[in-house]
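All remarks here apply to the structure that follows.
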Amino acid sequence: MTFYNFILVLGLSFLQTQARALPSKPAPAAILFPQVQSTVLPDPSPFFASNLLQAPLPTNSFFQNFVLNNGDAAEYFHPYSFRFSNSSLTLSYPTPIPSNASILQNFTADLTISTTQTQHQHQVVSSFSDLGVTLEIPSSNLRFVLVKGSPYLTCNVSVPTALSISTTHAITSLSPNTKQNKYTINLNNNQTWILYSSSKIGLTKTNPSLIKSDSFCGVIRVALSPGSDAEKVLDQFSASYPVSGEALFTEAFSLEYNWEKQGNGDLLMLAHPLHLQLLSVEDRNVTVLDHFRYRSIDGDLVGVVGDSWVLKTQPIPITWHSINGIKDNASIPEITAALLTDVEAVTSEPISSITASYFYGKMIAKAARLALIAEEVGCDNVIPNITTFLKNAIEPWLSGTFGGNGFLYEAKWSGLVTKNGAVDKGADFGFGIYNDHHYHIGYFVYAIAVVAKLDQAWGLKFKTQAYSLAEDFMNLNRQPSSNYPRLRNFDLYNLHSWAGGLTEFGDGRNQESSSEAVNAYYSAALMGLAYGDTNLTATGSLLAALEIQATQKWWHVHQGDNIYEDVFASANKITGIVWSDKRDTGLWFAPQTSLEIRVGIQVLPISPITEVLFSNVSYVKELVEWTAPALTKEGVTDAWRGFDYSLEGIYNKQDALQKIKNLGGFDDGNSLTNLLWWIHSRVLPDPSPFFAPNLLQTPLPTNSFQNFVLNNGDEPEYFHPNHFRSSNSSLSLSYPSRLATPSFISQNFTAQLSISATQNNRERHVVSSFSDLSVTLDFPSSNLTFFLVKGSPYLTCNVSKPTALSISTAISVTSLSSNAERTKFTLKLDNSQIFLVYSSSPIGLTISNPSLITSEAFTGVIRVAMLPPSGSQDLEAILDQFSSSYPISGEAVLTGPTTLEYRWVKEGNGDLLMLAHPLHQQILSVQDSHAAVLDYFKYTSIDGDLIGVVGNSWVLKTQPIPISWHSITGVKDLVQALPEINAALSSDVQLLISTPLSITGSYEYGKLLAKAARLALIAEEVGSNDIAVITKFLKDGIEPWLSGTFSGNGFLYEGKWGGLVTKNGAADKGADYGFGVYNDHYYHIGYFLYAISVAAKFDVDWGMKFKAQAYALTGDFMNLNRQADSSYTRLRNFDLYNLHSWAGGVTEFADGRNQESSSESVNAYYSAALMGLAYRDTNLTDAASLLAALEIQAIQKWWHVHQGDNIYEDVFASENKITGIVWSNKRDSGLWFASAESKEIRVGIQVMPISPITEVLFSNASYVKELVEWTAPALSKEGVTDAWRGFTYALEGIYNKAEALQKIKNLGGFDDGNSLTNLL
């Protein structure tokens, strides 16, 4: 896998084997529930081979219709439907029939295979697996191997037999190849079928719809050719066929398909859209044949060549409480008041009046939600009451003493039924015939998990019953001695569940409530948490994650995604029931017009996992708006409205909250408490108000033009040379003035010009597109689009329809004049600024009052530029010359290990004029860029003068930097230094391995790992034998974070913005220094990457095992992918115009973006480059080396302060040798955690961690000496710790080795990421 193909594979560890899903269960296990002989279940014996009848049988399988009633109803296997009847198998390539109410796959008997001497005997299942079933017609000598996703039907003819192939169509031609082992069958419906045989076979068309063969023994394969180029592919792979397929749970959030195959060559199978989304091409030698496609109701099926697949899904958070926490403490009294009322209502009513398993389960799960909410908001006094209620309610069902109903075990199919369901197939919604098992039991498991969490003794007492319940629908055991079939509901090819049980349906399997299916697996994962069972949690988490992604693919309807036909997708935002062969808008209990019920049944129950299920905010908004008209209809109840309002709360918290407070009733599994908890736990800022819907399908930037998309979107951002601020349907421009003091420099925003439509609708802007160097803001109802491109001296605005414009100012207009064509206006303000306004066609501008200019209706392009103060040069002529060519976006392309190329997309005529900051000017390759530098055309900025450059693209070239594991120049005086370093190393290693890893913060944990990794590399450099013990420490420390088993914290993926958060950060925006709101990502992850790289260097096998997780971590901050289907945004932290990183995340700051520790930023890219070395990935090393080099040069330009270099004003530069925080609009000598006076901390935070790259960062020895001498007085102040002194002494060692060495030896302590060994 290369750097450019990041795959997210983080999460919980799989420790189980395939024969063991729920580890507590003995094998064989005693039956824990009373046994019963059901009077309503069908008899399986006619359809299953006798040996299979001794084992549990599937009850929701992809072949269920084959073993019910007459066994003659069809099932869909992708891409064909199959139907058995009268000793024959009929094959259909179904045609979807879409309407606005449904999509139906129509079964047509395209080909029917039988023997010429038909015995009219039904089929028998002789074997089945996760992905296939084998059926035999014994008297006909035919064995059909049906494997899901095979483009071929495979039939084995066991003894010489004459075959019959018939069709409901007319056969227009039958042609063999010369060997008579391939026949092409053309039908009059334009289908072409190809028949392959393992040996010569004679086929003859005996009438227009019938083909007969001579006597044949061997293997027949039949496939439809889906297009003119497909036949070659089918020929190539026809000799290799699958006879079964297993799905293996091999590691966290990963599923592996292994097919048993026969014949010769590679295996060709078909992947549906979710397979393609999850398929890890790097983990197996597979090839995707994108051009080889079959249609299906689930979307196009695409050819994949390979004997096994690995599917990897994004990890999901399995949490008891809200994922992001309740941030506003002021909301807790409101939640608590509702909680007290709801607890009283639940616990005071006798639950014994409810006897149905479904409603009983919902009621106890509702109570369990109240207990967890009480725990989260600190209302501990009600928890004992709820716990007592739950135990009293659950125990009768687990012990078999509940008089009104109860769980029983039946052995015919092997599973649980209810007492009522055993005698009445309609009771408990068909639970007695295996309908909806995962729904009902999921609620019970949720409640049991909560009680087991709150009362461990009770949990242990009923653990065996609890596990037996979960096993009924979630058993992974393949053994015949198991009490339950393997994964009763979950279809391991479709990657979601079926609910229908032992009922024959013409449309195949079905599932209505996708959210209740998710709840079942989520509840099982929680039960794993309650019992400390990582196997169960891992299994439940993976199945929940797959169910969620399948729901988002096939239940959530997205117009234009090529899943469903437009006639259906344009009329629906969510399905009612998903069938194998149908998509239905109606429900079992409500018509298609009841939109509120259709939404509600796909939402309930509301719990923390609901946030993951509905993570696509843009889709949620569309869904709520689509449903809204139905909520006002007569007869709609508040119980159903509540689910719609909860979704609204994802993007419109305040309105949804008020609607919820006004509800008069709730679903029997819901409560006011639960809805208030849900609304008040919406934490990460919602991007949907500010981004166009198409962008919300992709990862979003979190350290870019951020102020435009946070809160009200009305804080300014700096674009060089102008500030821009959007507010009330207008865009304000400021050429900022600066205020310089000894402690800071700031750029002040003044609304020098504001552009809007005269008819101002006071709408928010929408980001319609963004690129590496730009963002486009639309004001749709105002007909205005602003192209904001960093480094453009012009503001460009497109007016799409005739619109009267207003140009206002906070300063008085002293004059307005135009050229003769009225395509250029000169606007003078009384602060001596001059603005030039250019238009693509004549426009009339008039001063309406001293601060307002208005226009007549105008359509076209407006460009505005501030005329910079000049000496003798005519700068206005320059602006005039290039006013007709304007950029609308800009990309930065990493073209080599030292080269970055800017490519702007421009419109208009002529060459492009842009502005270069001082670092651009330093590394711009004029010859390669074919650019002209206008030294005299200057704007001032906080980053130094901005110089005009004419050219449509730039090439920036930086000096290469050494990426090395060890010291760049080696350890000098090795003989003298070696004993000293080895002694310190021995002591540091002993301290390291003897101290338990009790740290939970991602930053501190990462620093400790990186510290250990430094010791390992130093050990290697000096020839120590400590490497093995350090490597073990590293692996033991890293693995729990990569596998998701670290209990104190962990990395999770969130889909709202698209990236990693920590478990603690997801619940508390202040935890892990704001990692959960995308602050400091590359700092934290950089330390982890350093440690992973070193471990992978010393243990190659270990490195390969965790390579995917390591690359996923890297991808979070260093993804170069521009594709919409990427898991992460492009270069999360690195600003490709400024040429350095920002750290602040999705927090609004008046001074714009910011970065404090420049050296930790360098460490992140340096560590990624080392990881490239460890994995021999030159792409990764080259990209990271370039970013590290640029970051270093930017630091030396803007963090390292040099008096007299014309970057900073002298009043600041004379007092400071290094900055504390660099902001877009400010330079600050203070830090987030220390004052400006703490110079030793200011230096330390810009030095740590010390590694070989530090030598490059501080290569200017003269500057280093000035910095150390400037810092020295602070080192003697009271309260200064040796941990911080160590960094200054390290710098002193660059030019004064002997004195620095003595000072380091005298240190009594070190930073938690540093050590005496490292300093020596």
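Residues are named by chain letter and number: chains run A, B, ... in the order of the structure tokens, numbers start at 1 in each chain, and ligands are numbered from 1 in the order shown.
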
Strand (DSSP E) residues, from DSSP on the backbone, in range 703-934 of chain A, as an MDAnalysis selection string: chainID A and resid 717:718 723:727 730:734 737:740 744:748 753:757 766:771 774:779 784:789 794:808 813:818 824:829 834:839 845:849 852:866 885:896 899:908 913:916 932:934

Residue contacts of Ile433 in chain A (6 Å, only C-alpha atoms) excluding same-chain residues fewer than 3 positions away, as a VMD selection string: chain A and resid 41 430 501 to 502

Could those selected residues go to a file with N, CA and C atoms, as a PDB file, in the first residue's frame?
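Result file is again38.pdb:
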```pdb
ATOM      1  N   LEU A  41     -44.017 -24.316  13.636  1.00  0.00           N
ATOM      2  CA  LEU A  41     -42.836 -24.259  12.789  1.00  0.00           C
ATOM      3  C   LEU A  41     -42.913 -25.266  11.647  1.00  0.00           C
ATOM      4  N   GLY A 430     -44.437 -12.740  15.150  1.00  0.00           N
ATOM      5  CA  GLY A 430     -43.831 -13.875  14.458  1.00  0.00           C
ATOM      6  C   GLY A 430     -42.538 -14.359  15.065  1.00  0.00           C
ATOM      7  N   GLY A 501     -37.578 -14.468   8.923  1.00  0.00           N
ATOM      8  CA  GLY A 501     -37.789 -15.779   9.512  1.00  0.00           C
ATOM      9  C   GLY A 501     -38.268 -16.828   8.536  1.00  0.00           C
ATOM     10  N   LEU A 502     -38.990 -17.822   9.082  1.00  0.00           N
ATOM     11  CA  LEU A 502     -39.397 -18.996   8.301  1.00  0.00           C
ATOM     12  C   LEU A 502     -40.739 -18.780   7.615  1.00  0.00           C
TER      13      LEU A 502
END
```

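One distance worth recording is that between CA of Ala368 in chain A and CA of Ala330 in chain A, which is 24.0 Å.
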
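You can rank A:Thr154, A:Thr637, A:Ser743, A:Asn616 by their closest distance to Pro693 in chain A using only C-alpha atoms, and at the top of that list sits A:Asn616.
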
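Neighbouring residues of Thr758 in chain A at 12 Å or closer, counting only C-alpha atoms and skipping chain neighbours under 2 positions away, are Asn728, Ser729, Ser730, Ser754, Ile755, Ser756, Asn760, Asn761, Arg762, Ser781, Ser782, Asn783, Leu784, Pro802, Thr803, Ala804, Leu805, Ser806, Ile807, Ser808, Ser848, Leu852, Ile853, Thr854, Ser855, Glu856, Ala857 and Phe858 of chain A.
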
Create the file for the chosen residues now, containing N, CA, C and O atoms and written as a JSON list (two decimals), in the first residue's frame.
```json
[["chain", "number", "residue", "atom", "x", "y", "z"],
["A", 728, "ASN", "N", -24.48, 38.80, 7.12],
["A", 728, "ASN", "CA", -25.74, 39.37, 6.61],
["A", 728, "ASN", "C", -25.76, 39.54, 5.09],
["A", 728, "ASN", "O", -26.03, 40.62, 4.56],
["A", 729, "SER", "N", -25.42, 38.50, 4.39],
["A", 729, "SER", "CA", -25.45, 38.47, 2.92],
["A", 729, "SER", "C", -24.48, 39.44, 2.27],
["A", 729, "SER", "O", -24.65, 39.80, 1.10],
["A", 730, "SER", "N", -23.48, 39.89, 3.00],
["A", 730, "SER", "CA", -22.49, 40.77, 2.42],
["A", 730, "SER", "C", -21.09, 40.22, 2.71],
["A", 730, "SER", "O", -20.89, 39.48, 3.68],
["A", 754, "SER", "N", -17.82, 46.81, 1.82],
["A", 754, "SER", "CA", -18.73, 45.67, 1.96],
["A", 754, "SER", "C", -19.59, 45.60, 0.72],
["A", 754, "SER", "O", -20.20, 46.61, 0.32],
["A", 755, "ILE", "N", -19.65, 44.43, 0.11],
["A", 755, "ILE", "CA", -20.40, 44.24, -1.13],
["A", 755, "ILE", "C", -21.59, 43.33, -0.86],
["A", 755, "ILE", "O", -21.45, 42.26, -0.27],
["A", 756, "SER", "N", -22.75, 43.74, -1.31],
["A", 756, "SER", "CA", -23.97, 42.94, -1.15],
["A", 756, "SER", "C", -24.94, 43.30, -2.25],
["A", 756, "SER", "O", -24.70, 44.23, -3.03],
["A", 760, "ASN", "N", -31.13, 43.02, 0.30],
["A", 760, "ASN", "CA", -30.36, 42.12, 1.15],
["A", 760, "ASN", "C", -31.28, 41.15, 1.87],
["A", 760, "ASN", "O", -32.17, 41.57, 2.62],
["A", 761, "ASN", "N", -31.09, 39.85, 1.64],
["A", 761, "ASN", "CA", -31.94, 38.84, 2.26],
["A", 761, "ASN", "C", -31.38, 38.31, 3.57],
["A", 761, "ASN", "O", -31.93, 37.40, 4.17],
["A", 762, "ARG", "N", -30.24, 38.85, 3.98],
["A", 762, "ARG", "CA", -29.62, 38.46, 5.25],
["A", 762, "ARG", "C", -29.49, 36.94, 5.37],
["A", 762, "ARG", "O", -29.88, 36.33, 6.35],
["A", 781, "SER", "N", -29.56, 33.58, -2.82],
["A", 781, "SER", "CA", -30.70, 34.46, -3.10],
["A", 781, "SER", "C", -30.27, 35.85, -3.52],
["A", 781, "SER", "O", -31.07, 36.63, -4.03],
["A", 782, "SER", "N", -28.99, 36.18, -3.29],
["A", 782, "SER", "CA", -28.47, 37.47, -3.72],
["A", 782, "SER", "C", -27.80, 37.40, -5.09],
["A", 782, "SER", "O", -27.35, 38.43, -5.61],
["A", 783, "ASN", "N", -27.66, 36.20, -5.62],
["A", 783, "ASN", "CA", -27.05, 35.97, -6.94],
["A", 783, "ASN", "C", -25.56, 36.31, -6.96],
["A", 783, "ASN", "O", -25.00, 36.59, -8.01],
["A", 784, "LEU", "N", -24.91, 36.25, -5.79],
["A", 784, "LEU", "CA", -23.51, 36.63, -5.70],
["A", 784, "LEU", "C", -22.64, 35.42, -5.38],
["A", 784, "LEU", "O", -22.98, 34.62, -4.51],
["A", 802, "PRO", "N", -29.24, 39.64, -13.25],
["A", 802, "PRO", "CA", -29.31, 41.10, -13.07],
["A", 802, "PRO", "C", -29.66, 41.46, -11.63],
["A", 802, "PRO", "O", -30.73, 41.10, -11.13],
["A", 803, "THR", "N", -28.76, 42.15, -10.98],
["A", 803, "THR", "CA", -28.90, 42.43, -9.55],
["A", 803, "THR", "C", -28.33, 43.81, -9.26],
["A", 803, "THR", "O", -27.23, 44.15, -9.72],
["A", 804, "ALA", "N", -29.08, 44.60, -8.50],
["A", 804, "ALA", "CA", -28.58, 45.89, -8.04],
["A", 804, "ALA", "C", -27.66, 45.66, -6.84],
["A", 804, "ALA", "O", -28.01, 44.92, -5.92],
["A", 805, "LEU", "N", -26.50, 46.29, -6.88],
["A", 805, "LEU", "CA", -25.48, 46.05, -5.86],
["A", 805, "LEU", "C", -25.34, 47.24, -4.93],
["A", 805, "LEU", "O", -25.63, 48.38, -5.29],
["A", 806, "SER", "N", -24.86, 46.95, -3.72],
["A", 806, "SER", "CA", -24.49, 47.98, -2.76],
["A", 806, "SER", "C", -23.03, 47.79, -2.37],
["A", 806, "SER", "O", -22.60, 46.67, -2.12],
["A", 807, "ILE", "N", -22.29, 48.87, -2.34],
["A", 807, "ILE", "CA", -20.92, 48.87, -1.84],
["A", 807, "ILE", "C", -20.86, 49.90, -0.72],
["A", 807, "ILE", "O", -20.96, 51.11, -0.97],
["A", 808, "SER", "N", -20.74, 49.40, 0.50],
["A", 808, "SER", "CA", -20.74, 50.31, 1.65],
["A", 808, "SER", "C", -19.37, 50.31, 2.29],
["A", 808, "SER", "O", -18.52, 49.47, 2.00],
["A", 848, "SER", "N", -24.73, 57.09, -2.95],
["A", 848, "SER", "CA", -26.07, 57.34, -2.39],
["A", 848, "SER", "C", -25.99, 58.13, -1.10],
["A", 848, "SER", "O", -26.89, 58.90, -0.77],
["A", 852, "LEU", "N", -22.09, 54.94, 1.22],
["A", 852, "LEU", "CA", -22.79, 53.92, 0.43],
["A", 852, "LEU", "C", -22.76, 54.28, -1.05],
["A", 852, "LEU", "O", -23.08, 55.41, -1.45],
["A", 853, "ILE", "N", -22.40, 53.27, -1.84],
["A", 853, "ILE", "CA", -22.47, 53.34, -3.29],
["A", 853, "ILE", "C", -23.44, 52.28, -3.76],
["A", 853, "ILE", "O", -23.40, 51.13, -3.30],
["A", 854, "THR", "N", -24.32, 52.64, -4.67],
["A", 854, "THR", "CA", -25.28, 51.66, -5.20],
["A", 854, "THR", "C", -25.13, 51.58, -6.71],
["A", 854, "THR", "O", -24.60, 52.49, -7.35],
["A", 855, "SER", "N", -25.61, 50.45, -7.26],
["A", 855, "SER", "CA", -25.51, 50.26, -8.71],
["A", 855, "SER", "C", -26.89, 50.01, -9.29],
["A", 855, "SER", "O", -27.83, 49.65, -8.58],
["A", 856, "GLU", "N", -26.95, 50.15, -10.58],
["A", 856, "GLU", "CA", -28.12, 49.66, -11.31],
["A", 856, "GLU", "C", -27.98, 48.14, -11.42],
["A", 856, "GLU", "O", -26.99, 47.56, -10.99],
["A", 857, "ALA", "N", -28.99, 47.49, -11.98],
["A", 857, "ALA", "CA", -28.94, 46.03, -12.14],
["A", 857, "ALA", "C", -27.73, 45.64, -13.01],
["A", 857, "ALA", "O", -27.49, 46.25, -14.06],
["A", 858, "PHE", "N", -27.02, 44.64, -12.56],
["A", 858, "PHE", "CA", -25.79, 44.25, -13.24],
["A", 858, "PHE", "C", -25.66, 42.73, -13.25],
["A", 858, "PHE", "O", -26.01, 42.05, -12.29]]
```

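Among A:Val281, A:Val304, A:Leu1089, A:Ala1164, the residue with the shortest atom-to-atom distance to Asp266 in chain A, counting only C-alpha atoms, is A:Val304.
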
So which residues touch Tyr902 in chain A within 7 Å, counting only C-alpha atoms, skipping near sequence neighbours fewer than 4 positions away, as a short mmCIF file (atom, residue, chain, number, x, y, z; two decimals) with N, CA and C atoms, in the first residue's frame?
```
data_model
loop_
_atom_site.label_atom_id
_atom_site.label_comp_id
_atom_site.auth_asym_id
_atom_site.auth_seq_id
_atom_site.Cartn_x
_atom_site.Cartn_y
_atom_site.Cartn_z
N GLY A 890 -7.24 27.18 -6.94
CA GLY A 890 -5.83 26.91 -7.10
C GLY A 890 -5.43 25.62 -6.41
N GLU A 891 -4.67 24.80 -7.09
CA GLU A 891 -4.19 23.54 -6.53
C GLU A 891 -2.68 23.60 -6.33
N ALA A 892 -2.21 22.94 -5.31
CA ALA A 892 -0.78 22.79 -5.06
C ALA A 892 -0.42 21.33 -5.28
N VAL A 893 0.48 21.09 -6.19
CA VAL A 893 0.82 19.72 -6.59
C VAL A 893 2.24 19.40 -6.11
N SER A 953 1.24 29.68 -13.30
CA SER A 953 1.64 28.63 -12.36
C SER A 953 3.00 29.01 -11.80
N TRP A 954 3.27 28.51 -10.59
CA TRP A 954 4.57 28.74 -9.95
C TRP A 954 5.19 27.40 -9.63
N VAL A 955 6.51 27.36 -9.63
CA VAL A 955 7.24 26.21 -9.12
C VAL A 955 8.09 26.67 -7.94
#
```

Fewer than 3 positions away in the same chain doesn't count, so skip those; otherwise give me all residues within 9 Å of Ile563 in chain A, counting only C-alpha atoms, as a CSV table (one decimal) with N, CA, C and O atoms, in the first residue's frame.
```csv
chain,number,residue,atom,x,y,z
A,273,PRO,N,-21.9,-2.4,-4.4
A,273,PRO,CA,-21.4,-1.1,-4.0
A,273,PRO,C,-20.7,-1.0,-2.7
A,273,PRO,O,-19.7,-0.3,-2.5
A,296,SER,N,-28.0,-4.6,-10.7
A,296,SER,CA,-28.8,-5.3,-9.7
A,296,SER,C,-29.6,-4.2,-8.9
A,296,SER,O,-29.4,-3.0,-9.1
A,297,ILE,N,-30.5,-4.7,-8.2
A,297,ILE,CA,-31.3,-3.8,-7.4
A,297,ILE,C,-30.5,-3.0,-6.3
A,297,ILE,O,-30.9,-2.0,-5.8
A,298,ASP,N,-29.3,-3.6,-6.0
A,298,ASP,CA,-28.5,-2.9,-5.0
A,298,ASP,C,-27.4,-2.0,-5.6
A,298,ASP,O,-26.5,-1.5,-4.9
A,299,GLY,N,-27.5,-1.8,-6.9
A,299,GLY,CA,-26.5,-1.0,-7.6
A,299,GLY,C,-25.6,-1.9,-8.5
A,299,GLY,O,-25.7,-3.2,-8.4
A,300,ASP,N,-24.8,-1.4,-9.3
A,300,ASP,CA,-24.0,-2.2,-10.2
A,300,ASP,C,-23.1,-3.1,-9.4
A,300,ASP,O,-22.5,-2.8,-8.4
A,553,LYS,N,-26.4,2.9,2.7
A,553,LYS,CA,-26.3,2.6,1.3
A,553,LYS,C,-27.6,2.3,0.7
A,553,LYS,O,-27.9,2.8,-0.4
A,554,TRP,N,-28.5,1.5,1.4
A,554,TRP,CA,-29.7,1.0,0.8
A,554,TRP,C,-31.0,1.4,1.5
A,554,TRP,O,-32.0,1.4,0.8
A,557,VAL,N,-31.9,6.9,1.1
A,557,VAL,CA,-31.9,7.1,-0.4
A,557,VAL,C,-31.3,8.4,-0.8
A,557,VAL,O,-31.7,9.5,-0.3
A,558,HIS,N,-30.3,8.4,-1.7
A,558,HIS,CA,-29.6,9.5,-2.2
A,558,HIS,C,-29.8,9.6,-3.7
A,558,HIS,O,-29.3,8.8,-4.4
A,559,GLN,N,-30.4,10.7,-4.1
A,559,GLN,CA,-30.6,10.8,-5.5
A,559,GLN,C,-29.3,11.1,-6.2
A,559,GLN,O,-28.5,11.9,-5.7
A,560,GLY,N,-29.0,10.4,-7.3
A,560,GLY,CA,-27.8,10.6,-8.1
A,560,GLY,C,-26.6,9.8,-7.7
A,560,GLY,O,-25.5,10.0,-8.2
A,569,ALA,N,-35.8,7.5,-6.5
A,569,ALA,CA,-34.9,8.3,-5.6
A,569,ALA,C,-35.4,9.7,-5.5
A,569,ALA,O,-35.2,10.4,-4.5
```

Long-range neighbours of Ser774 in chain A as an MDAnalysis selection string, 7 Å cut-off, only C-alpha atoms, 2 positions minimum in chain: chainID A and resid 770:772 776 788:790 889:890

Could you take the residues named above and write them with all heavy atoms, as a short mmCIF file (atom, residue, chain, number, x, y, z; two decimals), in the first residue's frame?
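Result file follows (result-v5.cif):
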```
data_model
loop_
_atom_site.label_atom_id
_atom_site.label_comp_id
_atom_site.auth_asym_id
_atom_site.auth_seq_id
_atom_site.Cartn_x
_atom_site.Cartn_y
_atom_site.Cartn_z
N PHE A 770 -13.99 24.43 -2.66
CA PHE A 770 -12.74 24.88 -2.07
C PHE A 770 -11.59 24.09 -2.69
O PHE A 770 -11.80 23.00 -3.23
CB PHE A 770 -12.74 24.75 -0.54
CG PHE A 770 -13.00 23.37 -0.02
CD1 PHE A 770 -11.95 22.47 0.16
CD2 PHE A 770 -14.28 22.96 0.32
CE1 PHE A 770 -12.18 21.19 0.64
CE2 PHE A 770 -14.52 21.68 0.80
CZ PHE A 770 -13.47 20.79 0.97
N SER A 771 -10.41 24.66 -2.61
CA SER A 771 -9.23 24.00 -3.15
C SER A 771 -8.06 24.30 -2.22
O SER A 771 -8.22 24.89 -1.16
CB SER A 771 -8.95 24.50 -4.57
OG SER A 771 -8.57 25.87 -4.56
N ASP A 772 -6.87 23.90 -2.63
CA ASP A 772 -5.70 24.10 -1.79
C ASP A 772 -5.45 25.57 -1.49
O ASP A 772 -4.91 25.92 -0.44
CB ASP A 772 -4.45 23.53 -2.48
CG ASP A 772 -4.51 22.03 -2.64
OD1 ASP A 772 -5.19 21.36 -1.84
OD2 ASP A 772 -3.86 21.51 -3.58
N THR A 776 -14.73 29.28 -2.44
CA THR A 776 -15.78 30.01 -3.14
C THR A 776 -16.99 30.09 -2.24
O THR A 776 -17.49 29.06 -1.76
CB THR A 776 -16.14 29.33 -4.47
OG1 THR A 776 -14.97 29.23 -5.28
CG2 THR A 776 -17.21 30.10 -5.21
N LEU A 788 -12.52 33.66 -3.40
CA LEU A 788 -11.48 34.13 -2.50
C LEU A 788 -10.27 33.25 -2.68
O LEU A 788 -10.27 32.07 -2.31
CB LEU A 788 -11.97 34.08 -1.04
CG LEU A 788 -13.32 34.76 -0.76
CD1 LEU A 788 -13.63 34.71 0.73
CD2 LEU A 788 -13.32 36.20 -1.26
N VAL A 789 -9.24 33.80 -3.30
CA VAL A 789 -8.03 33.04 -3.62
C VAL A 789 -6.87 33.68 -2.88
O VAL A 789 -6.63 34.90 -3.00
CB VAL A 789 -7.77 33.02 -5.13
CG1 VAL A 789 -6.53 32.18 -5.45
CG2 VAL A 789 -8.98 32.48 -5.87
N LYS A 790 -6.16 32.87 -2.10
CA LYS A 790 -5.07 33.41 -1.31
C LYS A 790 -3.99 33.99 -2.23
O LYS A 790 -3.60 33.37 -3.21
CB LYS A 790 -4.47 32.34 -0.40
CG LYS A 790 -5.46 31.81 0.63
CD LYS A 790 -4.80 31.10 1.78
CE LYS A 790 -4.20 32.07 2.76
NZ LYS A 790 -3.76 31.42 4.01
N SER A 889 -9.82 29.13 -8.56
CA SER A 889 -9.36 28.13 -7.60
C SER A 889 -7.88 27.91 -7.84
O SER A 889 -7.33 28.41 -8.84
CB SER A 889 -10.12 26.80 -7.73
OG SER A 889 -9.80 26.15 -8.93
N GLY A 890 -7.24 27.18 -6.94
CA GLY A 890 -5.83 26.91 -7.10
C GLY A 890 -5.43 25.62 -6.41
O GLY A 890 -5.83 25.37 -5.27
#
```

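Going from CA of Asn909 in chain A to CA of Ser841 in chain A covers 13.9 Å.
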
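The gap separating CA of Thr1114 in chain A from CA of Ala1028 in chain A is 25.4 Å, in Å to one decimal.
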
Surrounding residues of range 590-593 of chain A excluding itself and chain neighbours under 2 positions, 12 Å, only C-alpha atoms, as a PyMOL selection string: chain A and resi 100-102+512+571-577+583-588+595-601+626-627+629-631+633+636
